[in-house]
Amino acid sequence: MKRILSFALLIFVLLSALAACTPTETPGDDVTVRIAGMTGPTSMGLVKLAEDNANGLTEQKYEITTTYAKADEITPKLVNGELDMAALPANVAATLYGRTNGAIQVLAINTLGVVNIVEKGESIQDFSDLVGKKIYAIGRGTTPEYGLRYLLAENNVNYEDLTIEWKSAATEILPLLKTEENAVAMIPQPFATAAQLQVEGLRVAINLDEEWSKLDNGTQFVTGVLVARKAFIEEHPEAVATFLSEYEASINYAKANVAETAPLVVKYGIMGSEPLAKAALPNCNLAFIAGAEMKTVLSGYLGTLNDLNPEAVGGAMPADDFYYVG
């Protein structure tokens, strides 16, 4: 009898220990993943997922909002737990990581370079041709400015020799492109495509992503990432794994099915016109890069920004736990 009791006690102890080591989430957990994004390319990869969720076709539930105008409208909600995940500019994610003592992690890269320099005319063929011209631009202190600074330095052009008039929104630049004879602007997609459709003779003079690739230095121009609260990742590892699978499928769908995705881009408030969305989607450089490859690509990109100006990434490079490699 004592042997039976001892054996039963041993089994109880082992089962208790196993339970303590098992994640709190079970396949039956009813998790609703709350995700936010801005009106732009970084949210376009979410629209098929949002539509499938609305139609009850996803493996788990989502609340997806893609109509925020600025990242600083999203980050407080992420930090205080109102959101679980968010699509953010890459350098904003790095800065937020530092400010929150590592409370967020990057799950995937969702957008590569989308910044273009456009002009009415043929006078700009390379970066040196920008000197002496007035350039209207958006994105001061974010990806467009830092990308431009880096590429100018790599092409031996002094940033201080440029005349840049920074605007708060692309909508401020479009009227200037329409009315000024030799206007030049630095704007991201989908605004560059929108401007080309409305301004006769406007062309992409310099594609910053292509120029970055020409450097062939082992890094890529990264625009956007999808981040999550570390606490959510730890509490719901299965939900995170399911999301990544469904998110990859959503992004791949958007890239392969432009005509079908364009109405969804409008439906979920990212753009206002289906023809414009259809024209812009192929230029928005949507991507899904996760795991070890994501860490390599993103850390390389952030490293170039850090070398240029540490404040671009929040004052210091993020530690290894910034990158969720699954």
# chains A, B, ... in the order shown; residues from 1 in each chain; ligands from 1
call {"tool": "select_by_dssp", "arguments": {"residues": "region 115-199 of chain A", "states": "helix (DSSP H, G or I)", "output": "number ranges by chain"}}
result
A: 127-130, 143-154, 159-161, 170-179, 191-198
call {"tool": "write_last_selection", "arguments": {"atoms": "N, CA and C atoms", "output": "short mmCIF file (atom, residue, chain, number, x, y, z; two decimals), in the first residue's frame"}}
result
data_model
loop_
_atom_site.label_atom_id
_atom_site.label_comp_id
_atom_site.auth_asym_id
_atom_site.auth_seq_id
_atom_site.Cartn_x
_atom_site.Cartn_y
_atom_site.Cartn_z
N PHE A 127 21.55 61.50 -57.40
CA PHE A 127 21.42 62.32 -56.19
C PHE A 127 22.11 63.67 -56.31
N SER A 128 23.18 63.74 -57.07
CA SER A 128 23.88 65.02 -57.20
C SER A 128 23.01 66.07 -57.88
N ASP A 129 22.04 65.63 -58.67
CA ASP A 129 21.16 66.56 -59.37
C ASP A 129 20.16 67.23 -58.43
N LEU A 130 20.06 66.77 -57.20
CA LEU A 130 19.14 67.37 -56.24
C LEU A 130 19.68 68.67 -55.66
N THR A 143 11.44 57.32 -41.56
CA THR A 143 12.10 56.54 -42.61
C THR A 143 12.53 57.36 -43.83
N PRO A 144 11.67 58.21 -44.41
CA PRO A 144 12.11 58.94 -45.61
C PRO A 144 13.35 59.80 -45.38
N GLU A 145 13.36 60.57 -44.28
CA GLU A 145 14.52 61.44 -44.05
C GLU A 145 15.78 60.62 -43.82
N TYR A 146 15.69 59.60 -42.97
CA TYR A 146 16.90 58.83 -42.67
C TYR A 146 17.40 58.05 -43.87
N GLY A 147 16.45 57.54 -44.66
CA GLY A 147 16.85 56.84 -45.87
C GLY A 147 17.56 57.77 -46.84
N LEU A 148 17.02 58.97 -47.00
CA LEU A 148 17.64 59.95 -47.89
C LEU A 148 19.02 60.33 -47.40
N ARG A 149 19.15 60.61 -46.12
CA ARG A 149 20.45 60.99 -45.56
C ARG A 149 21.51 59.92 -45.83
N TYR A 150 21.11 58.68 -45.59
CA TYR A 150 22.06 57.57 -45.78
C TYR A 150 22.49 57.45 -47.24
N LEU A 151 21.53 57.50 -48.14
CA LEU A 151 21.84 57.33 -49.55
C LEU A 151 22.65 58.51 -50.11
N LEU A 152 22.37 59.71 -49.62
CA LEU A 152 23.17 60.85 -50.03
C LEU A 152 24.63 60.66 -49.62
N ALA A 153 24.83 60.23 -48.38
CA ALA A 153 26.19 60.03 -47.89
C ALA A 153 26.91 58.95 -48.71
N GLU A 154 26.19 57.88 -49.05
CA GLU A 154 26.79 56.79 -49.83
C GLU A 154 27.10 57.23 -51.26
N TYR A 159 24.08 66.34 -47.40
CA TYR A 159 22.67 66.60 -47.08
C TYR A 159 22.43 68.09 -46.88
N GLU A 160 23.39 68.79 -46.27
CA GLU A 160 23.24 70.22 -45.99
C GLU A 160 23.20 71.06 -47.26
N ASP A 161 23.59 70.48 -48.38
CA ASP A 161 23.55 71.21 -49.65
C ASP A 161 22.17 71.18 -50.30
N ALA A 170 1.24 64.44 -47.34
CA ALA A 170 1.39 64.43 -48.80
C ALA A 170 0.33 65.28 -49.48
N THR A 171 -0.81 65.43 -48.84
CA THR A 171 -1.88 66.25 -49.42
C THR A 171 -1.47 67.71 -49.57
N GLU A 172 -0.49 68.16 -48.81
CA GLU A 172 0.02 69.52 -48.95
C GLU A 172 0.92 69.66 -50.17
N ILE A 173 1.50 68.55 -50.61
CA ILE A 173 2.47 68.59 -51.70
C ILE A 173 1.80 68.51 -53.06
N LEU A 174 0.72 67.76 -53.16
CA LEU A 174 0.07 67.55 -54.45
C LEU A 174 -0.29 68.86 -55.17
N PRO A 175 -0.89 69.85 -54.49
CA PRO A 175 -1.20 71.12 -55.19
C PRO A 175 0.05 71.81 -55.71
N LEU A 176 1.16 71.68 -54.99
CA LEU A 176 2.41 72.31 -55.42
C LEU A 176 2.95 71.63 -56.67
N LEU A 177 2.81 70.30 -56.73
CA LEU A 177 3.25 69.57 -57.91
C LEU A 177 2.41 69.95 -59.13
N LYS A 178 1.15 70.25 -58.88
CA LYS A 178 0.26 70.62 -59.98
C LYS A 178 0.55 72.02 -60.53
N THR A 179 0.94 72.92 -59.64
CA THR A 179 1.02 74.33 -60.04
C THR A 179 2.43 74.81 -60.36
N PHE A 191 1.31 57.59 -52.27
CA PHE A 191 1.12 58.99 -52.67
C PHE A 191 1.84 59.31 -53.98
N ALA A 192 2.99 58.67 -54.21
CA ALA A 192 3.72 58.94 -55.44
C ALA A 192 2.90 58.50 -56.66
N THR A 193 2.28 57.33 -56.57
CA THR A 193 1.43 56.86 -57.66
C THR A 193 0.22 57.78 -57.83
N ALA A 194 -0.38 58.18 -56.71
CA ALA A 194 -1.53 59.09 -56.77
C ALA A 194 -1.16 60.39 -57.46
N ALA A 195 0.02 60.91 -57.14
CA ALA A 195 0.46 62.16 -57.76
C ALA A 195 0.69 61.99 -59.25
N GLN A 196 1.26 60.86 -59.65
CA GLN A 196 1.51 60.63 -61.07
C GLN A 196 0.21 60.54 -61.87
N LEU A 197 -0.82 60.01 -61.26
CA LEU A 197 -2.11 59.89 -61.94
C LEU A 197 -2.80 61.25 -62.10
N GLN A 198 -2.41 62.21 -61.27
CA GLN A 198 -3.08 63.50 -61.28
C GLN A 198 -2.26 64.65 -61.86
#
call {"tool": "residues_around", "arguments": {"residues": "Ile74 (chain A)", "least_positions_apart": "3", "cutoff": "8 Å", "atoms": "only C-alpha atoms", "output": "VMD selection string"}}
result
chain A and resid 36 to 37 68 70 to 71 77 to 78 86
call {"tool": "atom_distance", "arguments": {"atom1": "CA of Ile138 (chain A)", "atom2": "CA of Met271 (chain A)"}}
result
17.7 Å
call {"tool": "atom_distance", "arguments": {"atom1": "CA of Ser250 (chain A)", "atom2": "CA of Val297 (chain A)"}}
result
21.2 Å
call {"tool": "closest_residue", "arguments": {"among": "A:Gly291, A:Asp321, A:Gly132, A:Leu305", "to": "Leu244 (chain A)", "atoms": "only C-alpha atoms"}}
result
A:Gly291
call {"tool": "residues_around", "arguments": {"residues": "Thr100 (chain A)", "least_positions_apart": "3", "cutoff": "12 Å", "atoms": "only C-alpha atoms", "output": "MDAnalysis selection string"}}
result
chainID A and resid 75:76 78:80 93:97 103:105 229:230 314 318 322
call {"tool": "closest_residue", "arguments": {"among": "A:Pro188, A:Pro263, A:Gly98, A:Pro89", "to": "Glu51 (chain A)", "atoms": "only C-alpha atoms"}}
result
A:Pro263
call {"tool": "atom_distance", "arguments": {"atom1": "CA of Ala312 (chain A)", "atom2": "CA of Asn101 (chain A)"}}
result
16.9 Å
call {"tool": "select_by_dssp", "arguments": {"residues": "region 151-249 of chain A", "states": "strand (DSSP E)", "output": "NGL selection string"}}
result
:A and (163-166 or 184-188 or 202-207 or 222-229)
call {"tool": "closest_residue", "arguments": {"among": "A:Asn155, A:Thr65, A:Ala290, A:Asn252", "to": "Met38 (chain A)", "atoms": "only C-alpha atoms"}}
result
A:Thr65
call {"tool": "residues_around", "arguments": {"residues": "Ile164 (chain A)", "least_positions_apart": "4", "cutoff": "9 Å", "atoms": "only C-alpha atoms", "output": "ChimeraX atom specification"}}
result
/A:133-137,185
call {"tool": "residues_around", "arguments": {"residues": "Ala50 (chain A)", "least_positions_apart": "5", "cutoff": "10 Å", "atoms": "only C-alpha atoms", "output": "list of chain:residue names"}}
result
A:Ile35, A:Gly45, A:Asn55, A:Gly56, A:Leu57, A:Thr58, A:Lys61, A:Tyr62, A:Glu63, A:Ile64, A:Thr65, A:Thr66, A:Tyr247, A:Ser250, A:Leu264, A:Tyr268
